[in-house]
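Novice: You'll find start34.cif just under this line, and it carries mmCIF, C-alpha atoms and all ligand atoms.
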```cif
data_model
#
loop_
_atom_site.label_atom_id
_atom_site.label_comp_id
_atom_site.auth_asym_id
_atom_site.auth_seq_id
_atom_site.Cartn_x
_atom_site.Cartn_y
_atom_site.Cartn_z
CA MET O 1 -59.45 -2.04 -13.29
CA PRO O 2 -57.02 -2.35 -16.25
CA ILE O 3 -55.26 0.77 -14.95
CA HIS O 4 -54.44 -0.95 -11.67
CA THR O 5 -53.82 -4.41 -13.09
CA GLU O 6 -51.35 -3.33 -15.75
CA ILE O 7 -49.42 -1.00 -13.44
CA TYR O 8 -49.07 -3.87 -10.93
CA ARG O 9 -47.98 -6.19 -13.76
CA ARG O 10 -45.32 -3.75 -14.99
CA ARG O 11 -44.12 -2.44 -11.62
CA PRO O 12 -43.33 -5.09 -9.00
CA ASP O 13 -42.26 -2.27 -6.64
CA VAL O 14 -45.84 -0.94 -6.54
CA ASN O 15 -48.18 -2.28 -3.87
CA CYS O 16 -50.98 0.25 -4.20
CA VAL O 17 -52.41 2.16 -7.14
CA VAL O 18 -54.83 5.01 -6.50
CA HIS O 19 -56.92 6.25 -9.41
CA THR O 20 -59.07 9.31 -8.81
CA HIS O 21 -60.60 12.32 -10.55
CA PRO O 22 -59.36 15.17 -8.33
CA PHE O 23 -60.55 18.58 -9.43
CA TYR O 24 -57.25 20.48 -9.81
CA ALA O 25 -54.99 17.68 -11.04
CA SER O 26 -57.68 16.62 -13.50
CA ALA O 27 -57.78 20.20 -14.75
CA LEU O 28 -54.00 20.10 -15.23
CA ALA O 29 -54.47 16.84 -17.12
CA ALA O 30 -56.69 18.73 -19.54
CA THR O 31 -53.82 21.07 -20.48
CA ASP O 32 -50.36 20.81 -21.96
CA GLU O 33 -48.90 22.54 -18.88
CA ARG O 34 -46.43 20.71 -16.68
CA LEU O 35 -46.34 20.44 -12.91
CA LEU O 36 -44.05 23.20 -11.68
CA MET O 37 -41.73 22.74 -8.73
CA VAL O 38 -43.36 25.38 -6.53
CA GLY O 39 -43.33 23.65 -3.13
CA GLN O 40 -42.68 20.51 -1.13
CA ASP O 41 -45.76 18.72 -2.43
CA SER O 42 -44.55 19.14 -6.00
CA LEU O 43 -41.09 17.88 -5.08
CA LEU O 44 -42.55 14.41 -4.56
CA PHE O 45 -42.96 14.39 -8.33
CA ALA O 46 -39.59 15.90 -9.21
CA ASP O 47 -38.83 12.88 -11.41
CA GLY O 48 -41.72 13.92 -13.61
CA ILE O 49 -45.27 12.82 -14.20
CA GLY O 50 -46.44 10.49 -16.91
CA ARG O 51 -49.05 11.54 -19.45
CA TYR O 52 -51.66 9.27 -20.98
CA ASP O 53 -52.95 11.03 -24.04
CA SER O 54 -56.49 9.75 -24.34
CA PRO O 55 -59.76 10.75 -22.70
CA GLU O 56 -61.27 7.30 -23.24
CA PHE O 57 -62.27 5.07 -20.33
CA VAL O 58 -59.46 2.60 -19.71
CA VAL O 59 -61.35 -0.67 -20.05
CA THR O 60 -59.10 -2.99 -22.06
CA ARG O 61 -55.79 -4.62 -21.24
CA ALA O 62 -54.15 -2.75 -24.14
CA GLN O 63 -55.35 0.58 -22.74
CA GLY O 64 -54.12 -0.39 -19.27
CA GLU O 65 -50.74 -1.33 -20.75
CA GLY O 66 -50.65 2.09 -22.39
CA VAL O 67 -51.24 3.80 -19.05
CA ALA O 68 -48.60 1.65 -17.33
CA ALA O 69 -46.09 2.35 -20.11
CA ALA O 70 -46.78 6.09 -19.93
CA LEU O 71 -46.35 5.99 -16.14
CA GLY O 72 -42.99 4.27 -16.54
CA ASP O 73 -40.94 4.39 -13.35
CA ARG O 74 -42.65 7.54 -12.08
CA ARG O 75 -45.04 7.98 -9.16
CA ALA O 76 -47.94 9.62 -10.95
CA ILE O 77 -49.63 9.95 -14.28
CA LEU O 78 -52.12 12.46 -15.63
CA LEU O 79 -54.86 10.91 -17.75
CA ARG O 80 -55.93 13.53 -20.29
CA ASN O 81 -59.45 14.86 -19.68
CA HIS O 82 -59.99 12.13 -17.09
CA GLY O 83 -57.98 12.11 -13.87
CA VAL O 84 -54.83 10.76 -12.29
CA ALA O 85 -53.24 7.55 -11.09
CA VAL O 86 -50.48 7.30 -8.53
CA ALA O 87 -48.32 4.31 -7.66
CA GLY O 88 -47.06 3.81 -4.12
CA ASP O 89 -45.37 1.17 -2.08
CA SER O 90 -48.29 0.99 0.40
CA VAL O 91 -51.87 2.23 0.81
CA ALA O 92 -50.59 5.03 3.04
CA HIS O 93 -47.88 6.00 0.55
CA ALA O 94 -50.19 6.01 -2.47
CA THR O 95 -52.86 7.97 -0.58
CA TYR O 96 -50.26 10.50 0.51
CA LEU O 97 -49.01 10.81 -3.07
CA ALA O 98 -52.54 11.33 -4.41
CA LEU O 99 -53.29 14.04 -1.82
CA SER O 100 -49.89 15.67 -2.39
CA LEU O 101 -50.37 15.78 -6.15
CA GLU O 102 -53.69 17.57 -5.76
CA ARG O 103 -52.13 20.04 -3.27
CA ALA O 104 -49.18 20.60 -5.60
CA VAL O 105 -51.46 21.55 -8.49
CA ARG O 106 -53.54 23.82 -6.21
CA SER O 107 -50.31 25.53 -5.06
CA GLN O 108 -49.20 25.98 -8.65
CA LEU O 109 -52.54 27.51 -9.58
CA ALA O 110 -52.49 29.85 -6.58
CA ALA O 111 -48.88 30.89 -7.22
CA SER O 112 -49.56 31.61 -10.88
CA GLN O 113 -52.54 33.77 -9.91
CA LEU O 114 -50.45 35.73 -7.41
CA GLY O 115 -47.68 36.62 -9.82
CA ALA O 116 -44.77 35.29 -11.80
CA VAL O 117 -44.02 31.81 -10.48
CA ARG O 118 -40.54 31.33 -9.04
CA GLU O 119 -39.93 27.67 -9.67
CA MET O 120 -37.16 25.91 -7.76
CA THR O 121 -34.01 25.39 -9.76
CA PRO O 122 -32.91 21.84 -10.62
CA GLU O 123 -30.09 22.21 -8.08
CA GLU O 124 -32.54 23.27 -5.36
CA VAL O 125 -34.85 20.40 -6.28
CA ARG O 126 -31.99 17.90 -6.03
CA SER O 127 -30.81 19.28 -2.69
CA ILE O 128 -34.25 19.33 -1.08
CA THR O 129 -35.45 15.99 -2.47
CA ARG O 130 -32.34 14.33 -1.02
CA TYR O 131 -33.60 15.36 2.41
CA LEU O 132 -37.28 14.71 1.66
CA SER O 133 -36.73 11.18 0.38
CA THR O 134 -35.76 10.04 3.87
CA SER O 135 -37.78 12.39 6.08
CA TYR O 136 -41.15 11.93 4.44
CA HIS O 137 -40.95 8.14 4.63
CA ASP O 138 -40.14 8.50 8.32
CA ALA O 139 -43.13 10.82 8.79
CA LEU O 140 -45.54 8.73 6.72
CA PRO O 141 -47.00 6.64 9.58
CA ASN O 142 -47.87 9.77 11.57
CA THR O 143 -49.29 11.46 8.46
CA TRP O 144 -51.38 8.38 7.70
CA HIS O 145 -52.83 8.27 11.22
CA TYR O 146 -53.57 12.00 11.00
CA LEU O 147 -55.42 11.48 7.72
CA LEU O 148 -57.43 8.61 9.24
CA ARG O 149 -58.37 10.72 12.27
CA GLU O 150 -59.35 13.67 10.07
CA SER O 151 -61.54 11.41 7.93
CA GLY O 152 -63.20 9.90 11.01
CA LEU O 153 -61.74 6.45 10.28
CA GLY O 154 -58.97 6.43 12.88
CA SER O 155 -58.93 6.24 16.63
CA ARG O 156 -58.68 9.50 18.54
ZN ZN N 1 -61.41 7.17 -13.89
#
```
Would you put the structure from the file into structure tokens?
Ligand SMILES: [Zn+2]
Specialist:
Amino acid sequence: MPIHTEIYRRRPDVNCVVHTHPFYASALAATDERLLMVGQDSLLFADGIGRYDSPEFVVTRAQGEGVAAALGDRRAILLRNHGVAVAGDSVAHATYLALSLERAVRSQLAASQLGAVREMTPEEVRSITRYLSTSYHDALPNTWHYLLRESGLGSR
């Protein structure tokens, strides 16, 4: 819980923290590689991803403060040899970010296995994220209801 508590304490803009151990993003967290801008999922993290450089369980306030500080103003953090945490402005937003981060890392892995990765340029990232920042918030309710239906939690 110190992960969640200290992120909430440091970031009044955050209303939901999701901490998970997703397979691909956790694997990235066990490397020194960065998330490449290979597709729209990765663009959600164009401002960068925090890194918490310890594999220890985060059980003390000081450790939680370390995670929150390493997250900074970003949306996601990789916890070395552990997992990830994402910070959203709602449950739907944070869930979407967590799922998108995992898809982004899977896309990066697939692209790197297919050939030389053609990462988007900073100019392309800026241009596309300007559009995404409005459109994906508009689409979030529909995406959230889709995810609920797919998980069996939503109404048909
Ligand atoms: Zn954990």
Novice: Can you work out which one of O:Asp32, O:Glu65, O:Asp41, O:Asp47 has the shortest atom-to-atom distance to Leu78 (chain O), counting all atoms listed in the file?
Specialist: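 Going through O:Asp32, O:Glu65, O:Asp41, O:Asp47 one by one, the smallest distance to Leu78 (chain O) is for O:Asp32.
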Novice: List all protein, DNA and RNA residues that have any atom at most 9 Å from ligand ZN 1 (chain N), counting only C-alpha atoms and all ligand atoms, and write the list as a list in words.
Specialist: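 Written in the requested form, the residues are Ile3, His19, Thr20, His21, Phe57, Val58, Leu79, His82, Gly83, Val84 and Ala85 of chain O.
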Novice: Do a neighbour search on Glu102 (chain O) at 9 Å with only C-alpha atoms, toss out local chain neighbours closer than 3 positions, and write the hits as a PDB file with C-alpha atoms, in the coordinates of the input.
Specialist:
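Saved the output as result24.pdb:
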```pdb
ATOM      1  CA  PRO O  22     -59.360  15.170  -8.330  1.00  0.00           C
ATOM      2  CA  PHE O  23     -60.550  18.580  -9.430  1.00  0.00           C
ATOM      3  CA  TYR O  24     -57.250  20.480  -9.810  1.00  0.00           C
ATOM      4  CA  ALA O  25     -54.990  17.680 -11.040  1.00  0.00           C
ATOM      5  CA  SER O  26     -57.680  16.620 -13.500  1.00  0.00           C
ATOM      6  CA  ASP O  41     -45.760  18.720  -2.430  1.00  0.00           C
ATOM      7  CA  LEU O  97     -49.010  10.810  -3.070  1.00  0.00           C
ATOM      8  CA  ALA O  98     -52.540  11.330  -4.410  1.00  0.00           C
ATOM      9  CA  LEU O  99     -53.290  14.040  -1.820  1.00  0.00           C
ATOM     10  CA  VAL O 105     -51.460  21.550  -8.490  1.00  0.00           C
ATOM     11  CA  ARG O 106     -53.540  23.820  -6.210  1.00  0.00           C
ATOM     12  CA  SER O 107     -50.310  25.530  -5.060  1.00  0.00           C
TER      13      SER O 107
END
```
Novice: Counting all atoms listed in the file, which of O:Ser42, O:Ser127, O:Asn15, O:Thr95 gets nearest to Trp144 (chain O)?
Specialist: O:Thr95
Novice: May I have the residues within 12 Å of Ile128 (chain O) as an mmCIF file with C-alpha atoms, in the coordinates of the input, using all atoms listed in the file and disregarding those fewer than 3 positions away in the same chain?
Specialist:
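Result went into out.cif, see below:
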```cif
data_model
loop_
_atom_site.group_PDB
_atom_site.id
_atom_site.type_symbol
_atom_site.label_atom_id
_atom_site.label_comp_id
_atom_site.auth_asym_id
_atom_site.auth_seq_id
_atom_site.Cartn_x
_atom_site.Cartn_y
_atom_site.Cartn_z
ATOM 1 C CA MET O 37 -41.730 22.740 -8.730
ATOM 2 C CA GLY O 39 -43.330 23.650 -3.130
ATOM 3 C CA GLN O 40 -42.680 20.510 -1.130
ATOM 4 C CA ASP O 41 -45.760 18.720 -2.430
ATOM 5 C CA SER O 42 -44.550 19.140 -6.000
ATOM 6 C CA LEU O 43 -41.090 17.880 -5.080
ATOM 7 C CA LEU O 44 -42.550 14.410 -4.560
ATOM 8 C CA ALA O 46 -39.590 15.900 -9.210
ATOM 9 C CA MET O 120 -37.160 25.910 -7.760
ATOM 10 C CA THR O 121 -34.010 25.390 -9.760
ATOM 11 C CA PRO O 122 -32.910 21.840 -10.620
ATOM 12 C CA GLU O 123 -30.090 22.210 -8.080
ATOM 13 C CA GLU O 124 -32.540 23.270 -5.360
ATOM 14 C CA VAL O 125 -34.850 20.400 -6.280
ATOM 15 C CA TYR O 131 -33.600 15.360 2.410
ATOM 16 C CA LEU O 132 -37.280 14.710 1.660
ATOM 17 C CA SER O 133 -36.730 11.180 0.380
ATOM 18 C CA THR O 134 -35.760 10.040 3.870
ATOM 19 C CA SER O 135 -37.780 12.390 6.080
ATOM 20 C CA TYR O 136 -41.150 11.930 4.440
#
```
Novice: May I ask for the distance between CA of Gly64 (chain O) and CA of Arg9 (chain O), given in Å to one decimal place?
Specialist: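 For CA of Gly64 (chain O) relative to CA of Arg9 (chain O), the distance reads 10.1 Å.
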Novice: What is the distance, in Å and to one decimal place, between CA of His4 (chain O) and CA of Leu71 (chain O)?
Specialist: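 Those two atoms sit 11.6 Å apart.
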Novice: Give me the residues near region 145-151 of chain O as a ChimeraX atom specification, where near means some atom within 12 Å (using all atoms listed in the file) and where sequence neighbours in that chain fewer than 2 positions away do not count.
Specialist: /O:91-93,95-96,99,139-143,153-156
Novice: Determine the axis-aligned bounding box of all atoms of region 104-109 of chain O present in the file, pad each side by 8 Å, and express its centre and edge lengths in Å to one decimal place as AutoDock Vina command-line options.
Specialist:
```
--center_x -51.4 --center_y 24.1 --center_z -7.3 --size_x 20.4 --size_y 22.9 --size_z 20.5
```
Novice: Enter the distance from CA of Asp53 (chain O) to CA of Ala69 (chain O), in Å, rounded to one decimal.
Specialist: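 Distance reported for this atom pair: 11.7 Å.
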Novice: Give the answer as one residue: which of O:Tyr8, O:Leu28, O:Ala116, O:Val17 has the shortest atom-to-atom distance to Ala104 (chain O), using all atoms listed in the file?
Specialist: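 Of O:Tyr8, O:Leu28, O:Ala116, O:Val17, the one nearest Ala104 (chain O), counting all atoms listed in the file, is O:Leu28.
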